[in-house]
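Just start22.csv here, CSV, C-alpha atoms:
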chain,number,residue,atom,x,y,z
L,1,MET,CA,128.3,60.9,77.0
L,2,GLY,CA,126.7,64.2,78.1
L,3,PHE,CA,128.7,66.1,75.5
L,4,PHE,CA,127.2,64.0,72.6
L,5,LYS,CA,123.7,64.5,74.0
L,6,ARG,CA,124.2,68.2,74.1
L,7,LYS,CA,125.5,68.2,70.5
L,8,LYS,CA,122.5,66.1,69.4
L,9,LYS,CA,120.1,68.4,71.2
L,10,LYS,CA,121.7,71.4,69.6
L,11,ARG,CA,121.4,69.9,66.1
L,12,GLN,CA,117.7,69.1,66.8
L,13,GLU,CA,117.1,72.7,67.9
L,14,ALA,CA,118.8,74.1,64.8
L,15,GLU,CA,116.8,71.8,62.5
L,16,ARG,CA,113.6,72.9,64.2
L,17,ILE,CA,114.3,76.6,63.7
L,18,ARG,CA,115.4,75.9,60.2
L,19,GLN,CA,112.2,74.2,59.4
L,20,GLU,CA,110.2,77.1,61.0
L,21,ASN,CA,112.1,79.7,59.0
L,22,LEU,CA,112.7,78.0,55.7
L,23,ASP,CA,109.6,78.4,53.6
L,24,VAL,CA,110.9,76.8,50.4
L,25,MET,CA,108.6,77.2,47.4
L,26,PRO,CA,107.1,73.8,46.7
L,27,GLU,CA,107.2,72.2,43.3
L,28,GLY,CA,104.8,73.6,40.9
L,29,PHE,CA,104.5,76.8,42.8
L,30,LEU,CA,105.6,78.8,39.8
L,31,GLY,CA,103.6,79.1,36.7
L,32,ASP,CA,103.3,81.3,33.7
L,33,GLY,CA,102.4,84.9,33.4
L,34,SER,CA,101.8,87.8,35.8
L,35,ASP,CA,100.2,85.6,38.4
L,36,SER,CA,103.5,83.6,38.7
L,37,ALA,CA,105.5,86.8,39.0
L,38,LYS,CA,103.2,88.0,41.8
L,39,LYS,CA,103.6,84.7,43.7
L,40,VAL,CA,107.4,84.9,43.3
L,41,GLN,CA,107.4,88.5,44.6
L,42,SER,CA,105.1,87.5,47.5
L,43,TYR,CA,107.5,84.7,48.4
L,44,ILE,CA,110.5,87.0,48.2
L,45,MET,CA,108.8,89.5,50.5
L,46,SER,CA,107.9,86.7,52.9
L,47,CYS,CA,111.6,85.6,53.0
L,48,CYS,CA,112.7,89.2,53.6
L,49,GLU,CA,110.2,89.6,56.4
L,50,GLN,CA,111.3,86.3,58.1
L,51,ILE,CA,115.0,87.3,57.7
L,52,ALA,CA,114.3,90.7,59.2
L,53,GLU,CA,112.4,89.1,62.2
L,54,THR,CA,115.2,86.6,62.8
L,55,GLY,CA,117.7,89.5,62.6
L,56,LYS,CA,115.7,91.4,65.2
L,57,GLU,CA,115.7,88.4,67.4
L,58,ILE,CA,119.4,88.1,67.0
L,59,LYS,CA,119.9,91.7,68.0
L,60,GLU,CA,117.8,91.2,71.2
L,61,GLU,CA,119.8,88.0,72.0
L,62,GLN,CA,123.1,89.8,71.4
L,63,ALA,CA,122.1,92.6,73.7
L,64,GLU,CA,121.1,90.2,76.4
L,65,TYR,CA,124.4,88.3,75.8
L,66,ARG,CA,126.4,91.5,76.3
L,67,ILE,CA,124.5,92.2,79.5
L,68,ILE,CA,125.2,88.8,80.9
L,69,THR,CA,128.8,89.2,79.9
L,70,ASP,CA,128.9,92.5,81.8
L,71,TYR,CA,127.4,90.8,84.9
L,72,LEU,CA,130.1,88.1,84.6
L,73,ASN,CA,132.8,90.7,84.3
L,74,ASP,CA,131.3,92.4,87.5
L,75,ILE,CA,131.6,89.0,89.3
L,76,GLU,CA,135.2,88.7,88.2
L,77,VAL,CA,136.0,92.1,89.5
L,78,LEU,CA,134.4,91.3,92.8
L,79,GLU,CA,136.2,88.0,93.1
L,80,ASN,CA,139.5,89.7,92.5
L,81,LEU,CA,139.0,92.4,95.1
L,82,PRO,CA,141.5,92.5,98.0
L,83,GLU,CA,140.1,91.0,101.3
L,84,GLU,CA,140.3,94.4,103.1
L,85,GLU,CA,138.2,96.0,100.5
L,86,MET,CA,135.8,93.1,100.2
L,87,SER,CA,135.3,92.9,104.0
L,88,GLU,CA,133.5,96.2,104.1
L,89,ILE,CA,131.3,95.2,101.1
L,90,ARG,CA,130.6,91.9,102.8
L,91,SER,CA,129.7,93.6,106.1
L,92,THR,CA,127.3,96.0,104.4
L,93,ALA,CA,125.7,93.1,102.4
L,94,GLU,CA,125.2,91.2,105.7
L,95,ASN,CA,123.3,94.1,107.0
L,96,VAL,CA,121.2,94.2,103.9
L,97,ARG,CA,120.5,90.5,104.1
L,98,ASN,CA,119.6,90.6,107.8
L,99,LEU,CA,117.3,93.6,107.4
L,100,ASN,CA,115.6,91.9,104.5
L,101,LYS,CA,115.0,88.8,106.6
L,102,GLN,CA,113.7,90.9,109.4
L,103,ARG,CA,111.3,92.7,107.1
L,104,ASP,CA,110.1,89.4,105.5
L,105,ALA,CA,109.6,87.8,108.9
L,106,TYR,CA,107.3,90.7,109.9
L,107,GLN,CA,105.4,90.6,106.6
L,108,ASN,CA,104.9,86.8,106.8
L,109,ALA,CA,104.1,86.7,110.5
L,110,GLU,CA,100.6,85.7,111.6
L,111,LYS,CA,98.6,88.8,112.6
L,112,LYS,CA,97.0,88.4,116.0
L,113,ILE,CA,95.0,91.6,115.7
L,114,SER,CA,93.0,92.7,112.6
L,115,ASP,CA,93.7,96.0,110.8
L,116,ALA,CA,90.3,97.3,111.9
L,117,GLN,CA,90.9,96.6,115.5
L,118,PHE,CA,94.4,98.1,115.3
L,119,VAL,CA,93.0,101.3,113.7
L,120,GLN,CA,90.3,101.6,116.4
L,121,MET,CA,92.7,101.1,119.2
L,122,GLN,CA,95.1,103.6,117.6
L,123,GLN,CA,92.3,106.2,117.4
L,124,GLU,CA,91.4,105.6,121.1
L,125,GLU,CA,94.9,104.7,122.4
L,126,GLU,CA,94.7,107.1,125.4
L,127,LEU,CA,91.2,105.8,126.4
L,128,ILE,CA,91.8,102.1,126.1
L,129,PRO,CA,93.5,101.4,129.5
L,130,ASN,CA,90.7,103.1,131.4
L,131,ALA,CA,88.1,101.3,129.2
L,132,ILE,CA,89.7,98.0,130.1
L,133,LYS,CA,89.6,98.8,133.8
L,134,ARG,CA,86.0,100.0,133.6
L,135,LEU,CA,84.9,96.9,131.7
L,136,ARG,CA,86.7,94.7,134.2
L,137,SER,CA,85.1,96.6,137.1
L,138,ASN,CA,81.7,96.5,135.5
L,139,GLU,CA,81.9,92.7,134.9
L,140,ALA,CA,83.0,92.1,138.5
L,141,TYR,CA,80.1,94.3,139.7
L,142,GLN,CA,77.7,92.5,137.3
L,143,ASP,CA,78.7,89.2,138.8
L,144,ALA,CA,78.3,90.5,142.3
L,145,VAL,CA,74.8,92.0,141.5
L,146,LYS,CA,73.8,88.7,139.8
L,147,ARG,CA,74.8,86.8,143.0
L,148,ASP,CA,72.8,89.2,145.1
L,149,MET,CA,69.9,88.9,142.7
L,150,ASN,CA,70.0,85.1,142.9
L,151,TYR,CA,70.2,85.3,146.7
L,152,LEU,CA,67.2,87.7,147.0
L,153,GLU,CA,65.3,85.5,144.5
L,154,GLY,CA,65.9,82.6,146.8
L,155,GLU,CA,64.9,84.6,149.9
L,156,LYS,CA,61.7,85.7,148.2
L,157,THR,CA,60.9,82.1,147.2
L,158,GLU,CA,61.7,80.8,150.7
L,159,TRP,CA,59.5,83.3,152.5
L,160,HIS,CA,56.7,82.6,149.9
L,161,TYR,CA,56.8,78.9,150.7
L,162,ASN,CA,57.1,79.6,154.4
L,163,LYS,CA,53.9,81.7,154.2
L,164,TYR,CA,52.2,79.0,152.1
L,165,GLY,CA,53.0,76.3,154.7
L,166,LEU,CA,51.8,78.4,157.6
L,167,VAL,CA,48.5,79.2,155.8
L,168,ARG,CA,47.9,75.5,155.2
L,169,GLN,CA,48.8,74.8,158.8
L,170,GLN,CA,46.2,77.4,159.9
L,171,LYS,CA,43.5,75.7,157.8
L,172,ILE,CA,44.4,72.3,159.4
L,173,LEU,CA,44.4,73.8,162.9
L,174,LYS,CA,41.0,75.5,162.2
L,175,ASN,CA,39.5,72.2,161.1
L,176,LEU,CA,41.1,70.5,164.1
L,177,SER,CA,39.5,73.0,166.4
L,178,PHE,CA,36.1,72.2,164.8
L,179,VAL,CA,36.7,68.5,165.3
L,180,LEU,CA,37.8,69.0,168.9
L,181,PHE,CA,34.8,71.2,169.6
L,182,ALA,CA,32.5,68.6,168.1
L,183,VAL,CA,34.1,65.9,170.2
L,184,PHE,CA,33.7,68.1,173.3
L,185,ILE,CA,30.0,68.6,172.6
L,186,ILE,CA,29.5,64.9,172.1
L,187,SER,CA,31.4,64.1,175.3
L,188,ILE,CA,29.3,66.6,177.2
L,189,ALA,CA,26.1,65.1,175.8
L,190,VAL,CA,27.3,61.6,176.8
L,191,LEU,CA,28.2,62.6,180.3
L,192,PHE,CA,25.0,64.5,180.7
L,193,VAL,CA,23.0,61.4,179.7
L,194,LEU,CA,25.0,59.2,182.0
L,195,GLN,CA,24.5,61.6,184.9
L,196,THR,CA,20.8,62.2,184.5
L,197,GLY,CA,19.7,58.9,183.0
L,198,PHE,CA,21.9,56.5,184.9
L,199,TYR,CA,22.8,58.5,187.9
L,200,GLU,CA,26.4,57.8,187.5
L,201,ASP,CA,29.0,59.7,189.4
L,202,ILE,CA,31.0,61.4,186.6
L,203,THR,CA,32.6,64.3,188.4
L,204,TYR,CA,36.1,63.2,187.4
L,205,ALA,CA,35.0,62.7,183.9
L,206,TRP,CA,33.7,66.2,183.7
L,207,THR,CA,36.9,67.5,185.1
L,208,ILE,CA,39.0,65.5,182.5
L,209,VAL,CA,36.9,66.5,179.5
L,210,ILE,CA,36.8,70.1,180.4
L,211,PHE,CA,40.6,70.1,181.1
L,212,ILE,CA,41.4,68.4,177.8
L,213,ALA,CA,39.1,70.7,176.0
L,214,ALA,CA,40.6,73.8,177.6
L,215,VAL,CA,44.1,72.7,177.1
L,216,SER,CA,43.5,71.6,173.5
L,217,GLY,CA,41.7,74.8,172.7
L,218,PHE,CA,44.4,76.9,174.4
L,219,LEU,CA,47.2,75.1,172.5
L,220,ILE,CA,45.4,75.5,169.2
L,221,TYR,CA,44.8,79.1,169.9
L,222,LEU,CA,48.5,79.7,170.8
L,223,LYS,CA,49.7,77.9,167.7
L,224,MET,CA,47.3,79.7,165.4
L,225,SER,CA,48.3,83.0,167.0
L,226,TYR,CA,52.0,82.2,166.5
L,227,ASN,CA,51.3,81.1,162.9
L,228,GLN,CA,49.4,84.3,162.2
L,229,THR,CA,52.4,86.3,163.5
L,230,GLU,CA,54.8,84.2,161.3
L,231,ILE,CA,52.5,84.7,158.3
L,232,LYS,CA,52.7,88.5,158.7
L,233,ARG,CA,56.5,88.3,159.3
L,234,SER,CA,56.8,86.2,156.1
L,235,GLU,CA,54.8,88.7,154.1
L,236,VAL,CA,56.9,91.6,155.4
L,237,ASN,CA,60.2,89.7,154.7
L,238,MET,CA,58.9,88.6,151.2
L,239,ASN,CA,57.9,92.1,150.3
L,240,TYR,CA,61.2,93.5,151.5
L,241,ALA,CA,63.0,90.8,149.4
L,242,ILE,CA,60.9,91.8,146.4
L,243,GLU,CA,61.7,95.5,147.0
L,244,LEU,CA,65.4,94.8,147.2
L,245,LEU,CA,65.2,92.4,144.2
L,246,ASN,CA,63.7,95.1,142.1
L,247,LYS,CA,66.4,97.6,143.1
L,248,VAL,CA,69.1,95.0,142.3
L,249,LYS,CA,67.5,94.1,139.0
L,250,PHE,CA,67.6,97.8,138.0
L,251,LYS,CA,71.3,97.9,138.9
L,252,TYR,CA,71.9,94.7,137.0
L,253,VAL,CA,70.2,96.0,133.9
L,254,ASN,CA,72.3,99.2,134.0
L,255,VAL,CA,75.6,97.5,134.5
L,256,THR,CA,74.7,94.8,131.9
L,257,ASN,CA,74.0,97.6,129.3
L,258,ALA,CA,77.3,99.2,130.1
L,259,VAL,CA,79.1,95.8,129.7
L,260,GLU,CA,77.4,94.9,126.5
L,261,TYR,CA,78.0,98.4,125.0
L,262,ALA,CA,81.8,98.1,125.7
L,263,ARG,CA,81.9,94.5,124.3
L,264,GLU,CA,80.1,95.5,121.1
L,265,LYS,CA,82.2,98.7,120.7
L,266,TYR,CA,85.5,96.9,120.9
L,267,HIS,CA,84.3,93.6,119.5
L,268,VAL,CA,85.4,91.5,122.5
L,269,LYS,CA,83.8,88.9,124.6
L,270,ASN,CA,85.1,90.0,128.0
L,271,ALA,CA,87.7,92.2,129.7
L,272,TYR,CA,90.2,89.4,129.5
L,273,GLU,CA,90.0,89.3,125.7
L,274,PHE,CA,90.0,93.1,125.7
L,275,ASN,CA,93.2,93.2,127.7
L,276,TYR,CA,94.7,90.5,125.4
L,277,LEU,CA,93.9,92.6,122.3
L,278,TRP,CA,95.4,95.6,123.9
L,279,GLU,CA,98.7,93.7,124.6
L,280,GLN,CA,98.7,92.5,121.0
L,281,TYR,CA,98.1,96.1,119.8
L,282,LEU,CA,101.1,97.3,121.9
L,283,ASN,CA,103.2,94.5,120.4
L,284,GLU,CA,102.0,95.3,116.9
L,285,VAL,CA,103.0,99.0,117.5
L,286,LYS,CA,106.5,97.9,118.5
L,287,GLU,CA,106.7,95.5,115.5
L,288,ARG,CA,105.6,98.2,113.1
L,289,GLU,CA,108.1,100.6,114.5
L,290,LYS,CA,110.8,97.9,114.1
L,291,PHE,CA,109.6,97.4,110.5
L,292,ARG,CA,109.7,101.1,109.8
L,293,GLN,CA,113.2,101.4,111.3
L,294,ALA,CA,114.3,98.3,109.4
L,295,ASN,CA,113.0,99.9,106.1
L,296,GLU,CA,115.0,103.1,106.9
L,297,ASP,CA,118.1,101.1,107.8
L,298,LEU,CA,117.6,98.9,104.7
L,299,GLU,CA,117.4,102.0,102.5
L,300,TYR,CA,120.6,103.3,104.1
L,301,PHE,CA,122.6,100.1,103.7
L,302,ASN,CA,121.2,99.5,100.1
L,303,SER,CA,122.5,103.0,99.2
L,304,LYS,CA,125.8,102.3,101.0
L,305,LEU,CA,126.3,99.0,99.2
L,306,VAL,CA,125.6,100.6,95.8
L,307,ARG,CA,128.1,103.4,96.6
L,308,LEU,CA,130.8,100.9,97.6
L,309,LEU,CA,130.3,98.9,94.4
L,310,ASN,CA,130.2,102.0,92.2
L,311,HIS,CA,133.8,102.6,93.2
L,312,TYR,CA,134.8,99.7,91.0
L,313,ARG,CA,132.8,100.9,87.9
L,314,LEU,CA,130.6,97.9,87.8
L,315,TYR,CA,128.1,97.5,85.0
L,316,ASP,CA,125.1,97.3,87.4
L,317,ALA,CA,125.9,97.8,91.1
L,318,GLY,CA,122.2,98.0,92.0
L,319,VAL,CA,121.6,94.4,91.1
L,320,TRP,CA,123.6,93.2,94.1
L,321,VAL,CA,121.1,94.7,96.5
L,322,ASN,CA,118.8,91.8,95.7
L,323,GLN,CA,121.7,89.3,95.7
L,324,SER,CA,123.4,90.3,98.9
L,325,SER,CA,123.9,86.6,99.9
L,326,ALA,CA,126.2,86.1,96.9
L,327,LEU,CA,128.5,88.9,98.3
L,328,ILE,CA,128.6,87.1,101.7
L,329,ASP,CA,128.8,83.4,100.7
L,330,LYS,CA,131.2,82.3,98.0
L,331,LYS,CA,129.0,79.3,97.3
L,332,GLU,CA,126.1,81.6,96.5
L,333,MET,CA,128.4,83.6,94.2
L,334,VAL,CA,129.5,80.4,92.4
L,335,GLU,CA,125.8,79.5,91.9
L,336,VAL,CA,125.0,83.0,90.5
L,337,LYS,CA,128.0,82.8,88.2
L,338,HIS,CA,127.1,79.3,87.0
L,339,ASN,CA,123.5,80.3,86.2
L,340,LEU,CA,124.8,83.3,84.2
L,341,ILE,CA,127.2,81.1,82.2
L,342,VAL,CA,124.5,78.6,81.4
L,343,ARG,CA,122.2,81.5,80.2
L,344,ARG,CA,125.0,82.9,78.1
L,345,GLN,CA,125.7,79.5,76.5
L,346,LYS,CA,122.1,79.1,75.6
L,347,LEU,CA,122.0,82.6,74.1
L,348,ARG,CA,125.2,81.8,72.1
L,349,SER,CA,123.7,78.6,70.8
L,350,ARG,CA,120.5,80.4,69.9
L,351,ILE,CA,122.3,83.2,68.1
L,352,ASP,CA,124.4,80.7,66.1
L,353,ILE,CA,121.2,78.8,65.1
L,354,ASN,CA,119.5,82.0,64.0
L,355,MET,CA,122.5,83.2,62.1
L,356,GLN,CA,122.6,79.9,60.3
L,357,SER,CA,118.9,80.2,59.6
L,358,ILE,CA,119.5,83.6,58.0
L,359,LYS,CA,122.3,82.3,55.9
L,360,ASP,CA,120.1,79.4,54.7
L,361,ARG,CA,117.2,81.7,53.9
L,362,ARG,CA,119.6,84.1,52.0
L,363,LYS,CA,120.9,81.2,49.9
L,364,GLU,CA,117.4,80.2,49.1
L,365,LEU,CA,116.4,83.8,48.3
L,366,ASP,CA,119.5,84.3,46.0
L,367,ALA,CA,118.8,81.0,44.3
L,368,THR,CA,115.2,82.0,43.6
L,369,LEU,CA,116.3,85.4,42.3
L,370,ARG,CA,118.8,83.8,39.9
L,371,ARG,CA,116.4,81.1,38.8
L,372,GLU,CA,113.6,83.5,38.1
L,373,LYS,CA,115.9,86.2,36.8
L,374,MET,CA,114.3,88.8,39.1
L,375,ASN,CA,117.4,90.4,40.5
L,376,THR,CA,116.0,93.8,39.6
L,377,PRO,CA,117.3,97.1,41.2
L,378,GLU,CA,114.0,97.5,43.2
L,379,ILE,CA,114.4,94.0,44.8
L,380,ARG,CA,118.1,94.5,45.3
L,381,ASN,CA,117.3,97.7,47.1
L,382,ILE,CA,114.8,95.9,49.4
L,383,ILE,CA,117.4,93.2,50.1
L,384,GLN,CA,120.1,95.7,50.8
L,385,SER,CA,117.9,97.7,53.2
L,386,MET,CA,117.0,94.4,54.9
L,387,ASP,CA,120.7,93.5,55.2
L,388,GLY,CA,121.4,97.0,56.7
L,389,SER,CA,118.7,96.5,59.4
L,390,ILE,CA,120.2,93.1,60.3
L,391,LEU,CA,123.9,94.3,60.5

For the structure just supplied, provide its representation as structure tokens.
Amino acid sequence: MGFFKRKKKKRQEAERIRQENLDVMPEGFLGDGSDSAKKVQSYIMSCCEQIAETGKEIKEEQAEYRIITDYLNDIEVLENLPEEEMSEIRSTAENVRNLNKQRDAYQNAEKKISDAQFVQMQQEEELIPNAIKRLRSNEAYQDAVKRDMNYLEGEKTEWHYNKYGLVRQQKILKNLSFVLFAVFIISIAVLFVLQTGFYEDITYAWTIVIFIAAVSGFLIYLKMSYNQTEIKRSEVNMNYAIELLNKVKFKYVNVTNAVEYAREKYHVKNAYEFNYLWEQYLNEVKEREKFRQANEDLEYFNSKLVRLLNHYRLYDAGVWVNQSSALIDKKEMVEVKHNLIVRRQKLRSRIDINMQSIKDRRKELDATLRREKMNTPEIRNIIQSMDGSIL
């Protein structure tokens, strides 16, 4: 069934090309006089040009046909080689295939470091390890200084609130002393009135009031004296904390500038990422060295493969460099051979169709010349030169 379909397809293709190439003069095309002669000559020249173009196409197809045939002959030579000779070719082809895979794997691998970062690290390769250590040390110092700064900030705030609380306490004690003094005066006045006006015996009362007043005043005095000492101590400690905080802030600014400069210079977020990029750079250096070595080895084995194949006088030994798998796997070779055979069949069919097209056009051209009686030496020379270019 497939055979008949191919025959039908071939006939359809031939008919299509025939219709494209056959430019038969329509009825009524010819007339009388010089105008008719010019039209006939124009038609003849058109036919000659089309025949020449088709002939050129046939030559190109025949050349390609011969090349494919040469490739098929090469395959036949390779298939008929003794196993001991083919084994060395196969071994070399395996090296070519493996090196190509290795090179392709590198080229298709995802890059974990940009080219700009690679170039920068390559330029400063000797400085990078120390730069990583310095950045890591500066970041650790920055964290320590920041902790100290936060601690001193807390100390300053604590002493500030301690002083604030003591100052409020001093105001309360001062007001309390005024209240106690007023109560003492009122108590004295009441006792004095009772003693002078009512002749009461208030000796114990006097003793109690004076004792309470003395004790209260003494306690308030002690507390206020103690608070005053604590206020001074709070001020001293707070000022000392502020002094230390200013020094620590200066250190923090310096180390932060150093850290930010290193991060911006190497386009990293921290020392961890810097170290990661450095490791990727080292891996990339190794991979590039492998790639370079693979290219050198590939060039060597490509040359070796071509030299081995040239011993058998193949049409094109170099083509097998890109088809090394076919030299290793027989199935691959069968696939290559099948594709070439299919291509050659299509070319043979195309050549046959174009040859038939030229024959049809020549028949039409000869018929026109006989009908119009224009088989002059000049036209015959043109047709002969055309035939010479085709053959």

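Shortest atom-to-atom contact with Leu135 in chain L among L:Tyr272, L:Phe118, L:Tyr164, L:Phe192: L:Tyr272, counting all atoms listed in the file.
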
Would you give me, as a tab-separated table, each residue of range 253-362 of chain L having an atom within 9 Å of an atom of range 88-100 of chain L, along with its shortest atom pair and that distance in Å to one decimal, using all atoms listed in the file and sorting by chain and residue number?
residue	atom	partner	partner_atom	distance
L:Ala294	CA	L:Leu99	CA	5.9
L:Asn295	CA	L:Leu99	CA	7.7
L:Asp297	CA	L:Leu99	CA	7.6
L:Leu298	CA	L:Leu99	CA	6.0
L:Glu299	CA	L:Val96	CA	8.8
L:Phe301	CA	L:Val96	CA	6.1
L:Asn302	CA	L:Val96	CA	6.5
L:Lys304	CA	L:Thr92	CA	7.3
L:Leu305	CA	L:Thr92	CA	6.1
L:Leu308	CA	L:Ile89	CA	6.7
L:Leu309	CA	L:Ile89	CA	7.7
L:Trp320	CA	L:Ala93	CA	8.6
L:Val321	CA	L:Val96	CA	7.4
L:Asn322	CA	L:Arg97	CA	8.7
L:Gln323	CA	L:Arg97	CA	8.6
L:Ser324	CA	L:Ala93	CA	5.0
L:Ser325	CA	L:Arg97	CA	6.7
L:Ala326	CA	L:Ala93	CA	8.9
L:Leu327	CA	L:Arg90	CA	5.8
L:Ile328	CA	L:Arg90	CA	5.3
L:Asp329	CA	L:Arg90	CA	8.9

Practice prompt. Can you work out which one of L:Gln195, L:Thr229, L:Asn254, L:Asn275 has the shortest atom-to-atom distance to Ile128 in chain L, counting only C-alpha atoms?
Written response: L:Asn275

Worksheet item: Any idea what's packed within 12 Å of Phe250 in chain L, counting only C-alpha atoms, ignoring anything in its chain fewer than 4 positions away? Could you give it as an MDAnalysis selection string?
Response: chainID L and resid 142 145:146 149 243:246 254:257

Worksheet item: Near range 61-66 of chain L, counting all atoms listed in the file, which residues have an atom at most 9 Å away, once you skip same-chain residues fewer than 4 positions from it, shown as a list in words?
Response: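 The residues that qualify are Lys56, Glu57, Asp70, Tyr71, Arg343, Arg344, Gln345, Leu347, Arg348, Arg350 and Ile351 of chain L.
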
Worksheet item: Which residue out of L:Glu364, L:Asp74, L:Glu49, L:Glu155 has the minimum interatomic distance to Val236 in chain L when only C-alpha atoms are used?
Response: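 Looking at the shortest contact to Val236 in chain L, the residue is L:Glu155.
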
Worksheet entry | Between CA of Tyr106 in chain L and CA of Ile132 in chain L - distance in Å to one decimal |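 Computing the Euclidean distance for CA of Ile132 in chain L and CA of Tyr106 in chain L yields 27.8 Å.
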
Item to complete: For range 170-184 of chain L, work out the shell of residues within 9 Å, counting only C-alpha atoms and skipping chain neighbours fewer than 2 positions away, then give it as a list in words.
Response: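 The residues that qualify are Gly165, Leu166, Val167, Arg168, Ile186, Ser187, Ile188, Ala189, Val209, Ile210, Ile212, Ala213, Ser216, Gly217, Ile220, Tyr221, Lys223, Met224, Asn227 and Gln228 of chain L.
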
Practice prompt. Take CA of Val259 in chain L and CA of Asn138 in chain L and report the distance between them in Å, one decimal.
Written response: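 Going from CA of Val259 in chain L over to CA of Asn138 in chain L, I get 6.4 Å.
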
Discussion item. Let me make sure I understand: among L:Asn239, L:Ala205, L:Ala109, L:Phe218, which one has the smallest atom-to-atom distance to Lys163 in chain L if we use all atoms listed in the file?
Written reply: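 That would be L:Asn239, the residue with the smallest distance to Lys163 in chain L.
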